[in-house]
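S.K.: Following this line is final-v8.cif, made up of mmCIF, C-alpha atoms:
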data_start
#
loop_
_atom_site.label_atom_id
_atom_site.label_comp_id
_atom_site.auth_asym_id
_atom_site.auth_seq_id
_atom_site.Cartn_x
_atom_site.Cartn_y
_atom_site.Cartn_z
CA MET A 86 -95.15 4.88 -56.75
CA LEU A 87 -98.50 4.23 -55.52
CA ARG A 88 -97.56 0.79 -55.00
CA TYR A 89 -94.80 1.88 -52.83
CA LEU A 90 -97.04 4.02 -50.73
CA ALA A 91 -99.63 1.33 -50.54
CA ALA A 92 -97.05 -1.14 -49.50
CA GLU A 93 -95.91 1.20 -46.82
CA GLY A 94 -99.24 1.32 -45.23
CA GLY A 95 -99.64 -2.38 -45.55
CA THR A 96 -97.98 -5.27 -43.81
CA GLU A 97 -94.60 -4.91 -45.28
CA HIS A 98 -92.03 -3.39 -43.11
CA ASN A 99 -89.75 -0.47 -43.93
CA PRO A 100 -86.11 -1.52 -43.41
CA ILE A 101 -85.03 2.00 -42.44
CA ILE A 102 -87.32 2.30 -39.45
CA PRO A 103 -86.75 -0.45 -36.86
CA LEU A 104 -89.56 -2.34 -35.25
CA TRP A 105 -90.45 -1.37 -31.72
CA GLN A 106 -89.83 -4.92 -30.51
CA GLU A 107 -86.29 -4.83 -31.86
CA ILE A 108 -85.73 -1.53 -30.08
CA VAL A 109 -86.93 -3.00 -26.76
CA VAL A 110 -84.90 -6.20 -27.15
CA GLY A 111 -81.83 -4.20 -28.26
CA SER A 112 -82.19 -1.82 -25.31
CA ILE A 113 -82.52 -4.70 -22.83
CA ALA A 114 -79.53 -6.48 -24.39
CA PHE A 115 -77.53 -3.24 -24.29
CA ALA A 116 -78.45 -2.68 -20.64
CA ILE A 117 -77.43 -6.25 -19.75
CA LEU A 118 -74.18 -5.86 -21.68
CA CYS A 119 -73.45 -2.54 -19.91
CA PHE A 120 -74.26 -4.10 -16.53
CA VAL A 121 -71.95 -7.08 -17.17
CA LEU A 122 -69.18 -4.79 -18.45
CA MET A 123 -69.50 -2.40 -15.49
CA LYS A 124 -69.84 -5.13 -12.88
CA PHE A 125 -67.19 -7.60 -14.05
CA VAL A 126 -65.05 -6.43 -16.96
CA PHE A 127 -64.32 -2.77 -16.13
CA PRO A 128 -63.25 -3.46 -12.52
CA ARG A 129 -61.01 -6.26 -13.75
CA MET A 130 -59.54 -3.96 -16.41
CA GLU A 131 -59.07 -1.25 -13.77
CA GLN A 132 -57.26 -3.73 -11.51
CA THR A 133 -55.05 -4.82 -14.39
CA PHE A 134 -54.36 -1.21 -15.33
CA GLN A 135 -53.59 -0.31 -11.70
CA ALA A 136 -51.32 -3.35 -11.38
CA ARG A 137 -49.44 -2.25 -14.48
CA VAL A 138 -49.14 1.30 -13.17
CA ASP A 139 -47.93 -0.02 -9.81
CA ALA A 140 -45.48 -2.35 -11.52
CA ILE A 141 -44.12 0.47 -13.66
CA GLU A 142 -43.96 2.94 -10.77
CA GLY A 143 -42.53 0.22 -8.50
CA GLY A 144 -39.98 -0.64 -11.13
CA ILE A 145 -39.02 3.00 -11.40
CA LYS A 146 -38.80 3.28 -7.62
CA ARG A 147 -36.77 0.08 -7.42
CA ALA A 148 -34.52 1.35 -10.19
CA GLU A 149 -34.09 4.67 -8.36
CA ALA A 150 -33.38 2.82 -5.09
CA ALA A 151 -30.92 0.53 -6.87
CA GLN A 152 -29.28 3.57 -8.48
CA ALA A 153 -29.04 5.31 -5.10
CA GLU A 154 -27.58 2.17 -3.52
CA ALA A 155 -25.12 1.82 -6.39
CA ASN A 156 -24.08 5.47 -5.96
CA GLN A 157 -23.66 4.91 -2.22
CA LEU A 158 -21.56 1.79 -2.82
CA LEU A 159 -19.51 3.70 -5.40
CA GLU A 160 -18.82 6.45 -2.85
CA GLN A 161 -17.88 3.82 -0.25
CA TYR A 162 -15.52 2.14 -2.72
CA ARG A 163 -13.98 5.49 -3.60
CA ALA A 164 -13.52 6.29 0.09
CA GLN A 165 -11.98 2.85 0.69
CA LEU A 166 -9.72 3.30 -2.33
CA ALA A 167 -8.58 6.71 -1.07
CA GLU A 168 -7.99 5.22 2.39
CA ALA A 169 -6.05 2.32 0.84
CA ARG A 170 -3.92 4.76 -1.14
CA THR A 171 -3.25 6.77 2.02
CA ASP A 172 -2.35 3.59 3.90
CA ALA A 173 -0.08 2.48 1.05
CA ALA A 174 1.68 5.84 1.06
CA LYS A 175 2.11 5.62 4.84
CA ILE A 176 3.47 2.08 4.56
CA ARG A 177 5.90 3.23 1.85
CA ASP A 178 7.04 6.14 4.01
CA ASP A 179 7.41 3.87 7.04
CA ALA A 180 9.38 1.38 4.96
CA ARG A 181 11.67 4.14 3.72
CA ALA A 182 12.17 5.40 7.26
CA ASP A 183 12.86 1.84 8.46
CA ALA A 184 15.30 1.31 5.59
CA GLU A 185 17.08 4.55 6.46
CA GLY A 186 17.23 3.49 10.12
CA ILE A 187 18.60 0.09 9.15
CA ARG A 188 21.11 1.78 6.85
CA GLN A 189 22.25 4.07 9.66
CA ASP A 190 22.52 1.08 12.04
CA VAL A 191 24.56 -0.88 9.51
CA LEU A 192 26.83 2.12 8.91
CA ALA A 193 27.28 2.63 12.66
CA LYS A 194 28.09 -1.05 13.15
CA ALA A 195 30.51 -0.93 10.23
CA ARG A 196 32.21 2.13 11.72
CA GLU A 197 32.42 0.42 15.11
CA GLU A 198 33.84 -2.72 13.51
CA SER A 199 36.29 -0.64 11.49
CA ASP A 200 37.36 1.26 14.61
CA ARG A 201 37.73 -2.01 16.50
CA ILE A 202 39.80 -3.55 13.71
CA ILE A 203 41.99 -0.43 13.50
CA ALA A 204 42.45 -0.38 17.29
CA ALA A 205 43.31 -4.09 17.28
CA GLY A 206 45.77 -3.48 14.44
CA LYS A 207 47.35 -0.59 16.32
CA GLU A 208 47.62 -2.71 19.47
CA GLN A 209 49.17 -5.53 17.48
CA LEU A 210 51.58 -3.11 15.81
CA ALA A 211 52.50 -1.64 19.19
CA ALA A 212 53.07 -5.12 20.63
CA GLU A 213 55.18 -6.14 17.62
CA ARG A 214 57.10 -2.89 17.83
CA ALA A 215 57.76 -3.46 21.53
CA THR A 216 58.89 -7.00 20.77
CA ILE A 217 61.14 -5.82 17.94
CA VAL A 218 62.55 -3.02 20.10
CA ARG A 219 63.25 -5.50 22.90
CA GLU A 220 64.94 -7.90 20.49
CA LEU A 221 66.91 -5.05 18.93
CA ARG A 222 67.99 -3.81 22.36
CA THR A 223 69.23 -7.24 23.24
CA GLU A 224 71.01 -7.65 19.94
CA VAL A 225 72.39 -4.10 19.92
CA GLY A 226 73.44 -4.58 23.52
CA THR A 227 75.27 -7.78 22.67
CA ILE A 228 76.95 -6.19 19.67
CA ALA A 229 77.84 -3.11 21.71
CA VAL A 230 79.35 -5.22 24.50
CA ASP A 231 81.37 -7.22 21.98
CA LEU A 232 82.52 -4.04 20.30
CA ALA A 233 83.34 -2.38 23.59
CA SER A 234 85.23 -5.49 24.68
CA ARG A 235 87.33 -5.35 21.57
CA ILE A 236 87.92 -1.62 21.97
CA VAL A 237 88.67 -1.73 25.70
CA GLY A 238 90.53 -4.95 25.39
CA GLU A 239 89.03 -6.61 28.38
CA SER A 240 86.13 -8.92 28.63
CA LEU A 241 82.83 -7.51 29.71
CA ALA A 242 81.52 -10.94 30.43
CA ASP A 243 80.22 -10.09 33.83
CA GLU A 244 76.44 -10.04 33.40
CA ALA A 245 75.72 -7.22 35.81
CA ARG A 246 78.34 -4.98 34.34
CA ARG A 247 77.29 -5.90 30.86
CA THR A 248 73.61 -5.21 31.55
CA GLY A 249 74.44 -1.86 33.12
CA THR A 250 76.62 -0.87 30.20
CA VAL A 251 73.96 -1.91 27.68
CA GLU A 252 71.24 -0.05 29.56
CA ARG A 253 73.35 3.12 29.74
CA PHE A 254 74.17 2.87 26.06
CA LEU A 255 70.54 2.38 25.07
CA ALA A 256 69.40 5.19 27.36
CA ASP A 257 71.92 7.48 25.75
CA LEU A 258 70.72 6.26 22.37
CA ASP A 259 67.08 6.96 23.32
CA GLY A 260 68.04 10.41 24.54
CA VAL A 261 69.75 11.20 21.27
CA ALA A 262 66.78 9.82 19.30
CA SER A 263 64.32 11.89 21.36
CA ALA A 264 66.35 15.03 20.85
CA ASN A 265 66.53 14.40 17.13
CA GLY A 266 62.76 13.65 16.95
CA SER A 267 61.80 16.88 18.74
CA ALA A 268 64.24 18.86 16.58
CA VAL A 269 62.68 17.35 13.46
CA ARG A 270 59.15 18.14 14.66
CA THR A 271 59.92 21.78 15.40
CA SER A 272 61.57 22.41 12.05
#
Could you show the structure in this file as structure tokens?

M.R.:
Amino acid sequence: MLRYLAAEGGTEHNPIIPLWQEIVVGSIAFAILCFVLMKFVFPRMEQTFQARVDAIEGGIKRAEAAQAEANQLLEQYRAQLAEARTDAAKIRDDARADAEGIRQDVLAKAREESDRIIAAGKEQLAAERATIVRELRTEVGTIAVDLASRIVGESLADEARRTGTVERFLADLDGVASANGSAVRTS
């Protein structure tokens, strides 16, 4: 142990206690290292950190702006869709109204055409009836004159007399027919 104590007082150095030169050199090196870190590295790290924060916050803001824009576009699309549905319903209603109007026009034209055809048919029937009545008068008149000639025994060939006789006969016949027609209607 003495040796140890003697060695301590001698030229040998104790490894637990640093030399004062090492402390000075270490302190100067530490100061230089701190200066370099504070002057160059820390500001650069702060810039990088701030850039990351800005990028994240900017990304969040951009995402919020994009979300707001998307919501606005969604509302616009919904409004346009509702407007399109309203327009489609209006177009459908207009088309139905137009179809009903066209239907009414077609029915009116069909009625007019039907009435025209019926009137033309009645006119044609009246004309044919008049023609048939005229032909029958002539034929009945001829037959009546022939019959009267046979009954009377003289010829009724004179046209004026014959026409007068036929007209009287037919007038009497019309009178009898009218009287019978009114009697039938009243009963």

S.K.: Could you tell me how far atom CA of A:Arg214 sits from atom CA of A:Gly226, in Å to one decimal place?

M.R.: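 According to the coordinates, atom CA of A:Gly226 and atom CA of A:Arg214 are separated by 17.4 Å.
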
S.K.: Please compute the atom CA of A:Lys194-atom CA of A:Leu210 distance, one decimal, in Å.

M.R.: 23.7 Å

S.K.: Enter the distance from atom CA of A:Glu198 to atom CA of A:Asp179, in Å, rounded to one decimal.

M.R.: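 Atom-to-atom, atom CA of A:Glu198 and atom CA of A:Asp179 are spaced 28.0 Å apart.
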